[in-house]
Amino acid sequence: MHQEPTSAINASTRYCAVYGWPIRHSASPAMQNAGLASLGLDWRYLAFEVHPDLLGEALAGARAMKFIGLNLTVPHKLLAVNRVDLLDDSARLWGAVNTVRFEGRLPSGAWRPLGELDPSAALEIRSQGFNTDAEAITRSLEEDLGLRLEGLAAVVLGAGGAGRVAALKLAAEGASRLWLVNRTAEKAATVAREINHLYPSVKTQLGYPAEAVDLILNATSLGLKASDALPLDEAVFPLPRARTVYDMIYRPAETPLLAKARQAGCQAANGLGMLLYQGARALEIWTGRPAPIDIMRKALKENVYGHV
C-alpha cells in the first residue's frame, strides 16, 4: 500500500490542489498525497472541478486561503498564463502554466515560497506560474517507449495547451519532422508558425503524412470517455505506419487508441509517466525538497491499475 498521511487533518494542515474541467478522473491526489506523507508534511492535496470561466476566481480563492500551490490541467494551462502574478522561465518558454506556487513577502521585502513560511508571516501573497509538463513529456517518451528524440518524425494530435507544449518540446529536442493535426486547423497553423520561427530546421506541416513515422502522440482529450471517437483518422493514416503510439491520457489505462495501436503491432504507452514526472517536479517546486519518485510511482500504479 502507498504511504498514508502522517496525521489526521487538523487546524494547522496546509493544502495544495489540482484544478480541472473535468477532474474526477485525476490520479494526482493519490500520487501527491503519498509524496507529501513520505516527506512527513502535514499537507493535503485536493482536487476541484473549476469551470474555465471561473479560473480567475478559483486562483484568487486559493491565494486567500493561503494554499501552498496548485496544479492545473485541461483546459486551464493556457488560460492561467494571464491569470498569475508572474511567470517562471519555464512557463514563459512554453507558454503554458500547469503548476502554481504561492509566495509570501516577508517584512524584509524578500519573497519566499509559502510552504516555507508560517502563513501569518506573509505581508502579501503572490502567484508564480511554472511549466513542468515539457520535461515530463520527453522523459516519459524516452523511458516508456525508448525513443531517441533527435531526428524523430512524429504526428502530434491536438494543438491545445498540451499539444502545443509537446510539439514545441519535440522541436527543441531535435525532432526532424512534425505533422500537426487539430480539429481547428488555424490553431495547428499557429503552433506550426511558432515552431518555424523558433526551430526553423524542423520541418513542420499540417495534417497527416503520407509516409511512416516514429511516433503518434495524442494530446487531445478523446479517449477519456468510452463513447469518444478515435483522435486519429485511420482512413487517412493507418496505425501500422507508426512505430510507437503515446497517449497522454492515463485513465482509462488503455484507451481505444492504445488498444488499436497494440493490435497493429505498435509499441504503445499511456500518460502515466508524464503525470508522474510533472507532478514530482511540482512537488519539488512547492517543498524545495527532492520528490520521492518511487513512492509516487507506486501510488499512481495502485490508483490507475489497481496494483503495482
# chains A, B, ... in the order shown; residues from 1 in each chain; ligands from 1

$ residues_around --residues "Arg243 (chain A)" --least-positions-apart "2" --cutoff "9 Å" --atoms "only C-alpha atoms" --output "list in words"
Ala212, Val213, Asp214, Leu215, Ile216, Leu239, Pro240, Arg241, Val245, Gly265, Cys266, Gln267 and Ala268 of chain A

$ write_last_selection --atoms "N, CA and C atoms" --output "PDB file, in the first residue's frame"
ATOM      1  N   ALA A 212       5.674   6.782 -43.248  1.00  0.00           N
ATOM      2  CA  ALA A 212       5.715   6.214 -41.906  1.00  0.00           C
ATOM      3  C   ALA A 212       6.383   7.196 -40.941  1.00  0.00           C
ATOM      4  N   VAL A 213       6.021   7.088 -39.652  1.00  0.00           N
ATOM      5  CA  VAL A 213       6.591   7.964 -38.627  1.00  0.00           C
ATOM      6  C   VAL A 213       7.065   7.137 -37.432  1.00  0.00           C
ATOM      7  N   ASP A 214       7.874   7.774 -36.604  1.00  0.00           N
ATOM      8  CA  ASP A 214       8.357   7.113 -35.391  1.00  0.00           C
ATOM      9  C   ASP A 214       7.323   7.133 -34.276  1.00  0.00           C
ATOM     10  N   LEU A 215       6.475   8.178 -34.262  1.00  0.00           N
ATOM     11  CA  LEU A 215       5.592   8.388 -33.117  1.00  0.00           C
ATOM     12  C   LEU A 215       4.292   9.053 -33.522  1.00  0.00           C
ATOM     13  N   ILE A 216       3.189   8.561 -32.946  1.00  0.00           N
ATOM     14  CA  ILE A 216       1.930   9.306 -32.887  1.00  0.00           C
ATOM     15  C   ILE A 216       1.728   9.679 -31.428  1.00  0.00           C
ATOM     16  N   LEU A 239      -2.738   3.045 -38.500  1.00  0.00           N
ATOM     17  CA  LEU A 239      -1.829   2.901 -37.357  1.00  0.00           C
ATOM     18  C   LEU A 239      -0.545   2.132 -37.661  1.00  0.00           C
ATOM     19  N   PRO A 240      -0.556   1.110 -38.503  1.00  0.00           N
ATOM     20  CA  PRO A 240       0.708   0.396 -38.757  1.00  0.00           C
ATOM     21  C   PRO A 240       1.830   1.263 -39.346  1.00  0.00           C
ATOM     22  N   ARG A 241       1.482   2.478 -39.781  1.00  0.00           N
ATOM     23  CA  ARG A 241       2.528   3.372 -40.288  1.00  0.00           C
ATOM     24  C   ARG A 241       3.341   4.019 -39.166  1.00  0.00           C
ATOM     25  N   VAL A 245       3.162   4.634 -30.304  1.00  0.00           N
ATOM     26  CA  VAL A 245       1.999   5.488 -30.041  1.00  0.00           C
ATOM     27  C   VAL A 245       2.002   5.845 -28.558  1.00  0.00           C
ATOM     28  N   GLY A 265       0.509  -3.750 -33.869  1.00  0.00           N
ATOM     29  CA  GLY A 265       1.926  -4.064 -33.721  1.00  0.00           C
ATOM     30  C   GLY A 265       2.796  -2.899 -33.309  1.00  0.00           C
ATOM     31  N   CYS A 266       2.171  -1.788 -32.900  1.00  0.00           N
ATOM     32  CA  CYS A 266       2.940  -0.629 -32.458  1.00  0.00           C
ATOM     33  C   CYS A 266       3.317  -0.788 -30.985  1.00  0.00           C
ATOM     34  N   GLN A 267       4.475  -0.268 -30.615  1.00  0.00           N
ATOM     35  CA  GLN A 267       4.791  -0.141 -29.193  1.00  0.00           C
ATOM     36  C   GLN A 267       3.977   1.030 -28.665  1.00  0.00           C
ATOM     37  N   ALA A 268       3.358   0.873 -27.481  1.00  0.00           N
ATOM     38  CA  ALA A 268       2.422   1.892 -27.012  1.00  0.00           C
ATOM     39  C   ALA A 268       2.591   2.150 -25.526  1.00  0.00           C
TER      40      ALA A 268
END

$ residues_around --residues "Gly20 (chain A)" --least-positions-apart "4" --cutoff "12 Å" --atoms "only C-alpha atoms" --output "ChimeraX atom specification"
/A:24-26,28,46-55,58,70-77,79-80,98

$ residues_around --residues "Asp247 (chain A)" --least-positions-apart "6" --cutoff "8 Å" --atoms "only C-alpha atoms" --output "short mmCIF file (atom, residue, chain, number, x, y, z; two decimals) with C-alpha atoms, in the first residue's frame"
data_model
loop_
_atom_site.label_atom_id
_atom_site.label_comp_id
_atom_site.auth_asym_id
_atom_site.auth_seq_id
_atom_site.Cartn_x
_atom_site.Cartn_y
_atom_site.Cartn_z
CA LEU A 217 1.31 11.43 -29.79
CA ASN A 218 -2.27 12.03 -28.66
CA ALA A 219 -2.59 15.31 -26.77
CA THR A 255 -7.64 3.95 -24.39
CA LEU A 257 -6.24 4.33 -29.46
CA LEU A 258 -3.69 2.37 -27.42
CA ALA A 269 2.35 3.75 -23.69
CA ASN A 270 -0.13 5.86 -21.77
CA GLY A 271 0.49 9.16 -19.99
#

$ closest_residue --among "A:Val202, A:Ala136, A:Val236, A:Leu272" --to "Lys298 (chain A)" --atoms "only C-alpha atoms"
A:Leu272

$ atom_distance --atom1 "CA of Ala253 (chain A)" --atom2 "CA of Leu149 (chain A)"
24.2 Å

$ closest_atom_pairs --of "region 69-120 of chain A" --to "region 192-198 of chain A" --cutoff "12 Å" --atoms "only C-alpha atoms" --output "tab-separated table"
residue	atom	partner	partner_atom	distance
A:Leu93	CA	A:Leu198	CA	10.7
A:Trp94	CA	A:Glu194	CA	10.7
A:Gly95	CA	A:Glu194	CA	10.9

$ write_last_selection --atoms "N, CA and C atoms" --output "compact mmCIF listing (two decimals), in the first residue's frame"
# COMPACT_ATOMS: atom_id res chain seq x y z
N LEU A 93 8.81 30.15 -21.54
CA LEU A 93 9.36 29.43 -22.69
C LEU A 93 8.30 28.63 -23.41
N TRP A 94 7.46 27.91 -22.65
CA TRP A 94 6.49 27.00 -23.26
C TRP A 94 5.10 27.62 -23.39
N GLY A 95 4.89 28.79 -22.79
CA GLY A 95 3.63 29.50 -22.98
C GLY A 95 2.43 28.82 -22.35
